[in-house]
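Q: Input: one structure, supplied below.
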Amino acid sequence: MRVQVCIIGGGPSGLLLSHILHRAGIETIVLERQTRDYVLSRIRAGVLEQGTVETLREHGLGDRMDREGFPHGGTYVAARNRGFRVGFEALTGKRVMVYGQTEVTSDLYAARDAAGGAVVHEAEHVAIHDAGGTPHVTYRKDGAEHRVDCDWIAGCDGFHGISRKTIPKDVLRTVERVYPFGWLGVLSRTKPADDELIYANHARGFALASMRNERLSRYYIQAPVDDPLDKWTDEAFWDELRRRLPSDVAEALETGPSIEKSIAPLRSFVAEPMRWNRLFLVGDAAHIVPPTGAKGLNLAVSDARYLSEALIAHYGGDDAGIDGYSDRALARVWKATRFSWWFTTLMHRFPEDGTFGARMKEAEIDYLEGSEAAQTVMAENYVGLPF
Ligand code: RFL
Ligand code: PHB
């Protein structure tokens with residue numbers, strides 16, 4: 001078969017790109033390695049920047065989000081057993097939206113289905129050929145070999161995908177930092193700890209109280225990435241979480257059986273450039289941020305937005321967007337990488353911190369509490385920099 005744009009990966013970036021291009025009359029196919037149920041069962045992001053919310057609305061994807069999502073005008077930051085609020089709305093005029101990545105993905109699948117979009121699941125051995133000349137992609141499905149000829153390939157296949165690895169080593173530059181801990185996450189059918197998120201710095205390690213709705217909570221604690229999951233019984237998790245949250249929050253915490261529990265590593269990673277000939281990298285395929293600050297999904301959306309604009313202009317006869325895609329996307333990526341690194345460093349305990357490092361972080365959080373200028377810097381980044 002032949003399409004204009006072959007999209008590898010059916011996560012949020014691939015589905016959104018396919019959806020926006022389809023609305024502009026550009027033909028795509030999405031090749032996804034997993035089943036749809038598997039993609040929808042991955043519990044990940046929970047916070048959408050205002051620009052992400054607006055992008056979804058602009059493309060007809062906002063109805064359920066606006067009905068079921070929760071706009072938040074601020075967040076709590078806690079340390080040394082007390083917390084304070086950073087009011088995003090008062091400082092920047094913008095809010096964020098609590099609406100899970102699984103819901104965004106589910107809405108995107110519904111939109112692709114309604115439009116008759118081609119999404120192939122369980123596509124195996126996806127391979128990119130001749131990205132510098134006559135691009136095509138091959139894959140196996142149900143034992144048969146398939147070939148897709150295309151003008152462009154969008155690599156939306158996440159950090160472990162094949163797209164980035166197709167770019168020659170002498171072209172691609174990568175920068176990486178692996179953090180010396182992970183996040184142990186728990187989802188539970190319990191009332192959230194507060195109306196807004198709580199990011200807590202504690203001598204025993206970071207904790208985050210988040211949510212999906214009035215009866216669904218999402219919590220994370222900093223933990224060794226190689227801890228066996230069976231060490232973390234529900235009881236052990238709740239005990240540790242309570243120790244790290246301010247005591248008034250901990251005392252009122254509703255606990256219950258976990259319905260999902262996993263440990264994720266934390267890393268910062270950027271690959272440059274995000275275009276090689278007729279191949280583009282989009283979202284996690286090109287960059288990873290640690291989840292403190294909730295930037296990963298939002299960057300996937302901004303990349304998809306930039307690339308869709310570039311491709312729509314290309315088919316209208318203007319190649320400036322195609323040529324500028326990598327620089328434009330990376331300018332935003334680096335700033336979000338910086339913010340995520342800063343917020344991760346401030347809120348977590350590192351093995352090398354020692355007493356001095358710990359006191360510097362507490363002093364910075366104290367300064368954040370008292371300085372509107374410092375809070376404005378944080379708020380401006382948290383709600384998302386402009387496109
Ligand atoms: P995805 O979601 O990884 O999707 C890539 C898709 O490509 C498929 N794939 C392949 N398909 C075909 N052939 C191959 N060879 C393939 N290899 C892979 C995969 O099956 C998958 O379906 O990347 P995308 O679309 O770029 O989206 C990125 C986001 O998923 C990611 O940045 C966020 O989840 C990060 N993240 C958060 N981001 C936020 O903006 N806010 C948050 O609050 C937030 N919290 C989080 C997070 C990520 C977390 N983990 C576990 C990584 C919390 C956590 C715990
Ligand atoms: C989440 O709810 O999963 C979440 C919220 C905020 C973050 C990271 C994850 O910074």
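Going by the structure tokens order, chains are called A, B, ..., each with residues numbered from 1, while ligands are numbered from 1 in the order shown.
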With only C-alpha atoms and all ligand atoms counted, collect every polymer residue having an atom within 7 Å of ligand 2; state the result as a list in words.
A: Arg44, Ala45, Gly46, Val47, Ser210, Met211, Arg212, Arg218, Pro291, Thr292, Gly293 and Ala294 of chain A
Q: Can you pull out the residues contacting Asp234 in chain A? Cut-off 12 Å, using only C-alpha atoms, and skip same-chain residues under 5 positions away; I want them as a list in words.
A: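 Residues meeting the cut-off are Leu184, Gly185, Val186, Leu187, Ser188, Tyr219, Leu229, Asp239, Glu240, Leu241, Thr255, Gly256, Pro257, Ser258, Ile259, Glu260, Lys261 and Ser262 of chain A.
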Q: Could you turn the residues from that selection into a file that holds N, CA and C atoms, as a JSON list (two decimals), in the first residue's frame?
A:
```json
[["chain", "number", "residue", "atom", "x", "y", "z"],
["A", 184, "LEU", "N", 8.25, 4.41, 42.44],
["A", 184, "LEU", "CA", 7.31, 3.33, 42.68],
["A", 184, "LEU", "C", 5.92, 3.95, 42.66],
["A", 185, "GLY", "N", 5.08, 3.54, 41.74],
["A", 185, "GLY", "CA", 3.75, 4.14, 41.57],
["A", 185, "GLY", "C", 2.66, 3.18, 41.98],
["A", 186, "VAL", "N", 1.61, 3.72, 42.60],
["A", 186, "VAL", "CA", 0.44, 2.91, 42.99],
["A", 186, "VAL", "C", -0.83, 3.64, 42.56],
["A", 187, "LEU", "N", -1.76, 2.88, 41.99],
["A", 187, "LEU", "CA", -3.09, 3.42, 41.66],
["A", 187, "LEU", "C", -4.07, 2.73, 42.60],
["A", 188, "SER", "N", -4.98, 3.49, 43.20],
["A", 188, "SER", "CA", -5.93, 2.86, 44.13],
["A", 188, "SER", "C", -7.29, 3.55, 44.05],
["A", 219, "TYR", "N", -0.32, 7.63, 43.46],
["A", 219, "TYR", "CA", 0.77, 8.05, 44.35],
["A", 219, "TYR", "C", 2.09, 7.51, 43.83],
["A", 229, "LEU", "N", 9.40, -5.82, 43.31],
["A", 229, "LEU", "CA", 8.06, -5.28, 43.58],
["A", 229, "LEU", "C", 7.39, -5.97, 44.77],
["A", 239, "ASP", "N", 2.66, 2.81, 54.35],
["A", 239, "ASP", "CA", 3.45, 3.25, 55.51],
["A", 239, "ASP", "C", 4.53, 4.24, 55.08],
["A", 240, "GLU", "N", 5.21, 3.90, 53.99],
["A", 240, "GLU", "CA", 6.31, 4.76, 53.54],
["A", 240, "GLU", "C", 5.77, 6.10, 53.01],
["A", 241, "LEU", "N", 4.66, 6.03, 52.28],
["A", 241, "LEU", "CA", 4.06, 7.27, 51.75],
["A", 241, "LEU", "C", 3.67, 8.19, 52.91],
["A", 255, "THR", "N", -6.53, 4.85, 52.47],
["A", 255, "THR", "CA", -5.74, 3.82, 51.78],
["A", 255, "THR", "C", -6.66, 2.67, 51.38],
["A", 256, "GLY", "N", -6.15, 1.81, 50.52],
["A", 256, "GLY", "CA", -6.94, 0.67, 50.06],
["A", 256, "GLY", "C", -6.06, -0.20, 49.19],
["A", 257, "PRO", "N", -6.63, -1.29, 48.65],
["A", 257, "PRO", "CA", -5.81, -2.18, 47.82],
["A", 257, "PRO", "C", -5.30, -1.46, 46.57],
["A", 258, "SER", "N", -4.07, -1.74, 46.17],
["A", 258, "SER", "CA", -3.56, -1.14, 44.94],
["A", 258, "SER", "C", -4.18, -1.87, 43.75],
["A", 259, "ILE", "N", -4.50, -1.12, 42.67],
["A", 259, "ILE", "CA", -4.99, -1.80, 41.46],
["A", 259, "ILE", "C", -3.91, -1.78, 40.37],
["A", 260, "GLU", "N", -2.83, -1.06, 40.62],
["A", 260, "GLU", "CA", -1.66, -1.13, 39.74],
["A", 260, "GLU", "C", -0.48, -0.70, 40.57],
["A", 261, "LYS", "N", 0.67, -1.36, 40.34],
["A", 261, "LYS", "CA", 1.87, -1.02, 41.10],
["A", 261, "LYS", "C", 3.06, -1.31, 40.19],
["A", 262, "SER", "N", 3.96, -0.33, 40.04],
["A", 262, "SER", "CA", 5.11, -0.56, 39.16],
["A", 262, "SER", "C", 6.25, 0.39, 39.54]]
```
Q: Would you mind telling me which residue in A:Val3, A:Val171, A:Ala193, A:Leu245 lies nearest to Asn81 in chain A when using only C-alpha atoms?
A: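 Once distances to Asn81 in chain A are computed over only C-alpha atoms, the minimum belongs to A:Leu245.
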Q: Show which residues sit within 12 Å of Lys335 in chain A, as a PyMOL selection string. Count only C-alpha atoms, and ignore same-chain residues fewer than 5 positions away.
A: chain A and resi 270+289+295+299+328-330+340-342+380-382+384-387
Q: Find the residues near Leu61 in chain A: any atom within 9 Å, counting only C-alpha atoms, skip ones fewer than 5 places away on the same chain, and give them as a ChimeraX atom specification.
A: /A:55-56,104,107-108,111
Q: For the residues selected in the previous step, produce a file with all heavy atoms as a compact mmCIF listing (two decimals), in the first residue's frame.
A:
```
# COMPACT_ATOMS: atom_id res chain seq x y z
N THR A 55 -4.75 22.21 22.27
CA THR A 55 -4.49 21.45 21.04
C THR A 55 -5.55 20.36 20.88
O THR A 55 -6.09 20.16 19.78
CB THR A 55 -3.07 20.81 21.09
OG1 THR A 55 -2.12 21.86 21.25
CG2 THR A 55 -2.76 20.02 19.83
N LEU A 56 -5.86 19.65 21.96
CA LEU A 56 -6.87 18.59 21.88
C LEU A 56 -8.23 19.18 21.51
O LEU A 56 -8.93 18.65 20.64
CB LEU A 56 -6.93 17.81 23.20
CG LEU A 56 -5.65 17.02 23.54
CD1 LEU A 56 -5.73 16.39 24.93
CD2 LEU A 56 -5.36 15.92 22.50
N VAL A 104 -6.71 10.08 27.30
CA VAL A 104 -6.34 10.79 26.06
C VAL A 104 -6.20 9.77 24.93
O VAL A 104 -6.71 9.97 23.82
CB VAL A 104 -5.00 11.56 26.25
CG1 VAL A 104 -4.53 12.17 24.94
CG2 VAL A 104 -5.14 12.64 27.33
N ASP A 107 -9.54 8.38 23.81
CA ASP A 107 -10.25 9.36 22.97
C ASP A 107 -9.65 9.40 21.56
O ASP A 107 -10.38 9.55 20.56
CB ASP A 107 -10.18 10.76 23.60
CG ASP A 107 -10.93 10.85 24.93
OD1 ASP A 107 -11.72 9.93 25.22
OD2 ASP A 107 -10.72 11.84 25.66
N LEU A 108 -8.33 9.29 21.48
CA LEU A 108 -7.67 9.32 20.17
C LEU A 108 -8.04 8.07 19.35
O LEU A 108 -8.33 8.18 18.15
CB LEU A 108 -6.15 9.40 20.34
CG LEU A 108 -5.60 10.80 20.69
CD1 LEU A 108 -4.19 10.72 21.25
CD2 LEU A 108 -5.63 11.69 19.44
N ALA A 111 -11.48 8.56 18.04
CA ALA A 111 -11.50 9.51 16.92
C ALA A 111 -10.96 8.87 15.64
O ALA A 111 -11.49 9.08 14.54
CB ALA A 111 -10.69 10.75 17.27
```
Q: Residues within 6 Å of ligand 1 should be enumerated using only C-alpha atoms and all ligand atoms and returned as a tab-separated table (two decimals) with N, CA, C and O atoms, in the first residue's frame.
A:
```tsv
chain	number	residue	atom	x	y	z
A	8	ILE	N	5.00	5.19	12.84
A	8	ILE	CA	5.37	4.01	13.61
A	8	ILE	C	5.12	4.31	15.08
A	8	ILE	O	5.69	5.25	15.64
A	9	GLY	N	4.22	3.53	15.71
A	9	GLY	CA	3.89	3.74	17.11
A	9	GLY	C	2.50	4.32	17.29
A	9	GLY	O	2.19	5.38	16.72
A	10	GLY	N	1.67	3.63	18.05
A	10	GLY	CA	0.29	4.08	18.30
A	10	GLY	C	0.09	4.52	19.73
A	10	GLY	O	-0.92	4.21	20.36
A	11	GLY	N	1.06	5.26	20.28
A	11	GLY	CA	0.89	5.94	21.57
A	11	GLY	C	0.28	7.31	21.30
A	11	GLY	O	-0.15	7.59	20.18
A	12	PRO	N	0.26	8.18	22.29
A	12	PRO	CA	-0.36	9.49	22.09
A	12	PRO	C	0.23	10.29	20.94
A	12	PRO	O	-0.51	10.91	20.17
A	13	SER	N	1.56	10.29	20.76
A	13	SER	CA	2.12	11.13	19.69
A	13	SER	C	1.73	10.62	18.31
A	13	SER	O	1.34	11.41	17.45
A	14	GLY	N	1.80	9.32	18.08
A	14	GLY	CA	1.46	8.76	16.77
A	14	GLY	C	-0.01	8.93	16.43
A	14	GLY	O	-0.37	9.31	15.31
A	31	LEU	N	1.36	2.06	12.62
A	31	LEU	CA	1.78	0.68	12.87
A	31	LEU	C	2.16	0.55	14.34
A	31	LEU	O	3.11	1.20	14.79
A	32	GLU	N	1.42	-0.23	15.09
A	32	GLU	CA	1.65	-0.37	16.54
A	32	GLU	C	1.97	-1.83	16.87
A	32	GLU	O	1.26	-2.73	16.45
A	33	ARG	N	3.02	-2.00	17.65
A	33	ARG	CA	3.49	-3.36	17.97
A	33	ARG	C	2.56	-4.10	18.93
A	33	ARG	O	2.42	-5.31	18.88
A	34	GLN	N	1.93	-3.35	19.84
A	34	GLN	CA	1.12	-3.99	20.89
A	34	GLN	C	-0.35	-4.06	20.49
A	34	GLN	O	-0.78	-3.43	19.54
A	39	VAL	N	-1.90	-1.12	25.12
A	39	VAL	CA	-1.56	0.32	25.10
A	39	VAL	C	-2.42	1.08	26.12
A	39	VAL	O	-1.93	1.94	26.86
A	44	ARG	N	0.21	5.94	32.91
A	44	ARG	CA	1.34	6.87	32.83
A	44	ARG	C	0.92	8.26	33.27
A	44	ARG	O	0.53	8.45	34.39
A	45	ALA	N	1.01	9.20	32.35
A	45	ALA	CA	0.87	10.60	32.71
A	45	ALA	C	-0.53	10.94	33.23
A	45	ALA	O	-1.51	10.26	32.94
A	46	GLY	N	-0.60	12.04	33.98
A	46	GLY	CA	-1.87	12.48	34.52
A	46	GLY	C	-2.16	13.95	34.36
A	46	GLY	O	-3.29	14.38	34.60
A	47	VAL	N	-1.17	14.75	33.96
A	47	VAL	CA	-1.35	16.20	33.97
A	47	VAL	C	-1.12	16.79	32.57
A	47	VAL	O	-0.06	16.58	31.98
A	126	VAL	N	8.70	-4.28	12.59
A	126	VAL	CA	8.58	-3.05	11.79
A	126	VAL	C	10.01	-2.57	11.46
A	126	VAL	O	10.87	-2.49	12.33
A	156	CYS	N	7.22	7.54	15.99
A	156	CYS	CA	6.48	7.89	17.23
A	156	CYS	C	6.50	6.68	18.16
A	156	CYS	O	5.54	6.41	18.86
A	157	ASP	N	7.61	5.91	18.11
A	157	ASP	CA	7.61	4.59	18.75
A	157	ASP	C	8.31	4.56	20.10
A	157	ASP	O	8.82	3.51	20.51
A	158	GLY	N	8.31	5.68	20.81
A	158	GLY	CA	8.77	5.68	22.19
A	158	GLY	C	10.27	5.47	22.33
A	158	GLY	O	11.01	5.33	21.36
A	160	HIS	N	12.06	2.99	23.43
A	160	HIS	CA	12.66	1.70	23.04
A	160	HIS	C	12.36	1.31	21.59
A	160	HIS	O	12.60	0.17	21.19
A	161	GLY	N	11.82	2.25	20.82
A	161	GLY	CA	11.42	1.94	19.44
A	161	GLY	C	12.61	1.79	18.49
A	161	GLY	O	13.77	1.94	18.89
A	162	ILE	N	12.30	1.54	17.22
A	162	ILE	CA	13.35	1.29	16.23
A	162	ILE	C	13.72	2.53	15.43
A	162	ILE	O	14.77	2.57	14.79
A	264	ALA	N	9.31	2.66	37.88
A	264	ALA	CA	9.84	3.22	36.62
A	264	ALA	C	11.19	3.88	36.88
A	264	ALA	O	11.35	4.58	37.88
A	283	GLY	N	8.12	12.81	20.08
A	283	GLY	CA	7.82	12.35	21.45
A	283	GLY	C	8.97	11.57	22.07
A	283	GLY	O	10.16	11.87	21.85
A	284	ASP	N	8.61	10.55	22.87
A	284	ASP	CA	9.61	9.78	23.62
A	284	ASP	C	10.65	9.10	22.72
A	284	ASP	O	11.70	8.71	23.21
A	285	ALA	N	10.38	8.95	21.45
A	285	ALA	CA	11.38	8.38	20.53
A	285	ALA	C	12.62	9.27	20.49
A	285	ALA	O	13.73	8.79	20.26
A	291	PRO	N	9.62	12.15	35.38
A	291	PRO	CA	8.21	12.57	35.43
A	291	PRO	C	7.90	13.74	36.38
A	291	PRO	O	6.81	14.31	36.29
A	294	ALA	N	5.75	16.58	35.09
A	294	ALA	CA	4.71	16.13	34.16
A	294	ALA	C	4.88	16.66	32.73
A	294	ALA	O	3.95	17.20	32.14
A	295	LYS	N	6.05	16.51	32.18
A	295	LYS	CA	6.30	17.10	30.86
A	295	LYS	C	6.27	16.11	29.69
A	295	LYS	O	6.09	16.53	28.54
A	296	GLY	N	6.47	14.81	29.91
A	296	GLY	CA	6.69	13.86	28.81
A	296	GLY	C	5.57	13.84	27.77
A	296	GLY	O	5.80	14.03	26.58
A	297	LEU	N	4.36	13.61	28.23
A	297	LEU	CA	3.22	13.54	27.31
A	297	LEU	C	3.01	14.89	26.63
A	297	LEU	O	2.68	14.97	25.45
A	298	ASN	N	3.21	15.95	27.40
A	298	ASN	CA	3.01	17.29	26.83
A	298	ASN	C	4.02	17.59	25.73
A	298	ASN	O	3.67	18.23	24.73
A	300	ALA	N	5.30	15.25	23.83
A	300	ALA	CA	4.85	14.40	22.71
A	300	ALA	C	3.78	15.14	21.91
A	300	ALA	O	3.77	15.12	20.67
```
Q: Out of A:Val137, A:Ile153, A:Val383, A:Met274, which residue has the shortest atom-to-atom distance to Leu48 in chain A when counting only C-alpha atoms?
A: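 Among the listed residues, the smallest separation from Leu48 in chain A belongs to A:Val383.
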Q: Would you please extract all strand (DSSP E or B) residues from range 96-200 of chain A, as assigned by DSSP on the backbone, and give them as a PyMOL selection string?
A: chain A and resi 96-98+118-120+124-129+136-141+144-149+152-155+173-188+198-200
Q: Please save N, CA and C atoms of the selected residues as a CSV table (one decimal), in the first residue's frame.
A:
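The file below, part-v3.csv, is the result:
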```csv
chain,number,residue,atom,x,y,z
A,96,VAL,N,-3.7,23.8,34.6
A,96,VAL,CA,-3.4,22.5,34.0
A,96,VAL,C,-4.7,21.7,34.1
A,97,MET,N,-4.7,20.5,33.4
A,97,MET,CA,-5.9,19.6,33.5
A,97,MET,C,-5.4,18.2,33.9
A,98,VAL,N,-6.1,17.7,35.0
A,98,VAL,CA,-5.8,16.4,35.4
A,98,VAL,C,-6.7,15.4,34.6
A,118,ALA,N,-6.5,4.2,9.6
A,118,ALA,CA,-5.9,2.9,9.6
A,118,ALA,C,-4.9,2.8,10.7
A,119,VAL,N,-5.2,1.9,11.7
A,119,VAL,CA,-4.3,1.7,12.8
A,119,VAL,C,-4.1,0.1,12.9
A,120,VAL,N,-2.9,-0.3,12.6
A,120,VAL,CA,-2.6,-1.7,12.6
A,120,VAL,C,-1.9,-2.1,13.9
A,124,GLU,N,4.5,-6.7,13.8
A,124,GLU,CA,5.8,-7.1,14.2
A,124,GLU,C,6.9,-6.8,13.3
A,125,HIS,N,8.2,-6.8,13.8
A,125,HIS,CA,9.3,-6.6,12.9
A,125,HIS,C,9.2,-5.4,12.0
A,126,VAL,N,8.7,-4.3,12.6
A,126,VAL,CA,8.6,-3.0,11.8
A,126,VAL,C,10.0,-2.6,11.5
A,127,ALA,N,10.3,-2.3,10.2
A,127,ALA,CA,11.6,-1.9,9.8
A,127,ALA,C,11.5,-0.7,8.8
A,128,ILE,N,12.4,0.2,8.9
A,128,ILE,CA,12.4,1.4,8.0
A,128,ILE,C,13.5,1.2,7.0
A,129,HIS,N,13.1,1.5,5.7
A,129,HIS,CA,14.0,1.3,4.6
A,129,HIS,C,14.2,2.6,3.8
A,136,HIS,N,10.3,3.4,2.6
A,136,HIS,CA,9.2,2.5,2.8
A,136,HIS,C,9.4,1.7,4.1
A,137,VAL,N,8.3,1.2,4.6
A,137,VAL,CA,8.4,0.5,5.9
A,137,VAL,C,7.8,-0.9,5.7
A,138,THR,N,8.5,-1.9,6.3
A,138,THR,CA,7.9,-3.3,6.2
A,138,THR,C,7.6,-3.8,7.6
A,139,TYR,N,6.6,-4.7,7.7
A,139,TYR,CA,6.2,-5.3,9.0
A,139,TYR,C,5.6,-6.6,8.7
A,140,ARG,N,5.5,-7.4,9.8
A,140,ARG,CA,4.8,-8.7,9.7
A,140,ARG,C,3.5,-8.6,10.5
A,141,LYS,N,2.5,-9.2,10.0
A,141,LYS,CA,1.2,-9.2,10.7
A,141,LYS,C,0.5,-10.5,10.4
A,144,ALA,N,2.1,-12.7,7.8
A,144,ALA,CA,2.3,-12.2,6.4
A,144,ALA,C,3.2,-11.0,6.4
A,145,GLU,N,4.0,-10.8,5.4
A,145,GLU,CA,4.9,-9.6,5.2
A,145,GLU,C,4.1,-8.5,4.5
A,146,HIS,N,4.2,-7.3,5.0
A,146,HIS,CA,3.6,-6.2,4.4
A,146,HIS,C,4.6,-5.1,4.1
A,147,ARG,N,4.2,-4.2,3.1
A,147,ARG,CA,5.1,-3.1,2.7
A,147,ARG,C,4.2,-1.8,2.6
A,148,VAL,N,4.7,-0.8,3.2
A,148,VAL,CA,4.1,0.5,3.1
A,148,VAL,C,5.0,1.5,2.4
A,149,ASP,N,4.7,2.0,1.2
A,149,ASP,CA,5.5,3.1,0.6
A,149,ASP,C,4.9,4.4,1.0
A,152,TRP,N,7.0,10.2,3.8
A,152,TRP,CA,7.6,10.6,5.0
A,152,TRP,C,7.4,9.5,6.1
A,153,ILE,N,8.3,9.3,7.0
A,153,ILE,CA,8.1,8.4,8.1
A,153,ILE,C,8.1,9.1,9.4
A,154,ALA,N,7.1,8.9,10.3
A,154,ALA,CA,7.2,9.6,11.6
A,154,ALA,C,7.4,8.5,12.6
A,155,GLY,N,8.6,8.6,13.3
A,155,GLY,CA,9.0,7.7,14.3
A,155,GLY,C,8.4,8.1,15.7
A,173,ARG,N,23.3,12.7,17.7
A,173,ARG,CA,24.0,13.0,19.0
A,173,ARG,C,23.0,12.8,20.1
A,174,THR,N,23.4,12.1,21.1
A,174,THR,CA,22.5,11.9,22.3
A,174,THR,C,23.2,12.4,23.6
A,175,VAL,N,22.3,12.9,24.5
A,175,VAL,CA,22.8,13.3,25.8
A,175,VAL,C,21.9,12.6,26.8
A,176,GLU,N,22.5,12.1,27.8
A,176,GLU,CA,21.7,11.3,28.8
A,176,GLU,C,22.1,11.5,30.2
A,177,ARG,N,21.1,11.5,31.1
A,177,ARG,CA,21.4,11.4,32.5
A,177,ARG,C,20.5,10.4,33.1
A,178,VAL,N,21.0,9.4,33.8
A,178,VAL,CA,20.2,8.4,34.5
A,178,VAL,C,20.2,8.7,35.9
A,179,TYR,N,19.1,8.9,36.6
A,179,TYR,CA,19.0,9.3,38.0
A,179,TYR,C,19.2,8.0,38.8
A,180,PRO,N,19.8,8.2,40.0
A,180,PRO,CA,20.1,7.0,40.8
A,180,PRO,C,19.0,6.5,41.7
A,181,PHE,N,17.7,6.5,41.1
A,181,PHE,CA,16.6,6.0,41.8
A,181,PHE,C,15.4,5.9,40.8
A,182,GLY,N,14.3,5.3,41.3
A,182,GLY,CA,13.1,5.2,40.4
A,182,GLY,C,11.9,5.7,41.1
A,183,TRP,N,10.8,5.6,40.5
A,183,TRP,CA,9.5,6.0,41.1
A,183,TRP,C,8.7,4.7,41.2
A,184,LEU,N,8.3,4.4,42.4
A,184,LEU,CA,7.3,3.3,42.7
A,184,LEU,C,5.9,4.0,42.7
A,185,GLY,N,5.1,3.5,41.7
A,185,GLY,CA,3.8,4.1,41.6
A,185,GLY,C,2.7,3.2,42.0
A,186,VAL,N,1.6,3.7,42.6
A,186,VAL,CA,0.4,2.9,43.0
A,186,VAL,C,-0.8,3.6,42.6
A,187,LEU,N,-1.8,2.9,42.0
A,187,LEU,CA,-3.1,3.4,41.7
A,187,LEU,C,-4.1,2.7,42.6
A,188,SER,N,-5.0,3.5,43.2
A,188,SER,CA,-5.9,2.9,44.1
A,188,SER,C,-7.3,3.5,44.1
A,198,ILE,N,0.3,17.1,45.5
A,198,ILE,CA,1.3,17.5,46.5
A,198,ILE,C,2.6,16.8,46.1
A,199,TYR,N,3.6,17.7,45.9
A,199,TYR,CA,5.0,17.2,45.6
A,199,TYR,C,5.8,17.4,47.0
A,200,ALA,N,6.3,16.3,47.5
A,200,ALA,CA,6.9,16.4,48.9
A,200,ALA,C,8.4,16.0,48.8
```
Q: I need the residue nearest Phe350 in chain A from this list: A:Ala203, A:Gly60, A:Gly87, A:Ala78. Use only C-alpha atoms for the distance.
A: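 For Phe350 in chain A, the nearest of the given residues is A:Ala203.
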Q: Could you please determine the separation between CA of Tyr315 in chain A and CA of Ser163 in chain A in Å, to one decimal place?
A: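 Rounded to one decimal, the two atoms are 23.1 Å apart.
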Q: Show me, as an NGL selection string, the residues that have an atom within 12 Å of Tyr306 in chain A when counting only C-alpha atoms, minus same-chain residues fewer than 3 positions from it.
A: :A and (13 or 16-17 or 20-21 or 55 or 274 or 280-283 or 299-303 or 309-313 or 320-332 or 387)
Q: Need to verify the contact set: Leu253 in chain A, 10 Å, only C-alpha atoms, exclusion of same-chain residues closer than 5 positions in sequence. Can you return it as a ChimeraX atom specification?
A: /A:190-194,238,241-242,245,247-248
Q: Which is closest to Leu279 in chain A among A:Cys150, A:Ala24, A:Leu216, A:Val249, if we use only C-alpha atoms?
A: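 Looking at the shortest contact to Leu279 in chain A, the residue is A:Cys150.
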Q: Nearest to Gln222 in chain A among A:Leu266, A:Ala271, A:Ala250, A:Ala110, with distances taken over only C-alpha atoms: which residue is it?
A: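 Ranked by minimum distance to Gln222 in chain A, first place goes to A:Leu266.
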Q: If you run DSSP on this backbone, which residues of range 37-263 of chain A come out as helix (DSSP H, G or I), and could you give them as a PyMOL selection string?
A: chain A and resi 37-41+50-58+63-68+88-92+101-114+163-166+229-231+234-244+247-252
Q: Counting only C-alpha atoms, figure out which residue out of A:His59, A:Tyr76, A:Ala304, A:Thr102 gets nearest to Leu15 in chain A.
A: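 Closest residue, counting only C-alpha atoms: A:Ala304.
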Q: For CA of Met1 in chain A and CA of Gly117 in chain A, determine how far apart the two atoms are, in Å to one decimal place.
A: 14.3 Å
Q: Quote the spacing between CA of Pro273 in chain A and CA of Trp334 in chain A in Å to one decimal place.
A: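 CA of Trp334 in chain A lies at a distance of 12.4 Å from CA of Pro273 in chain A.
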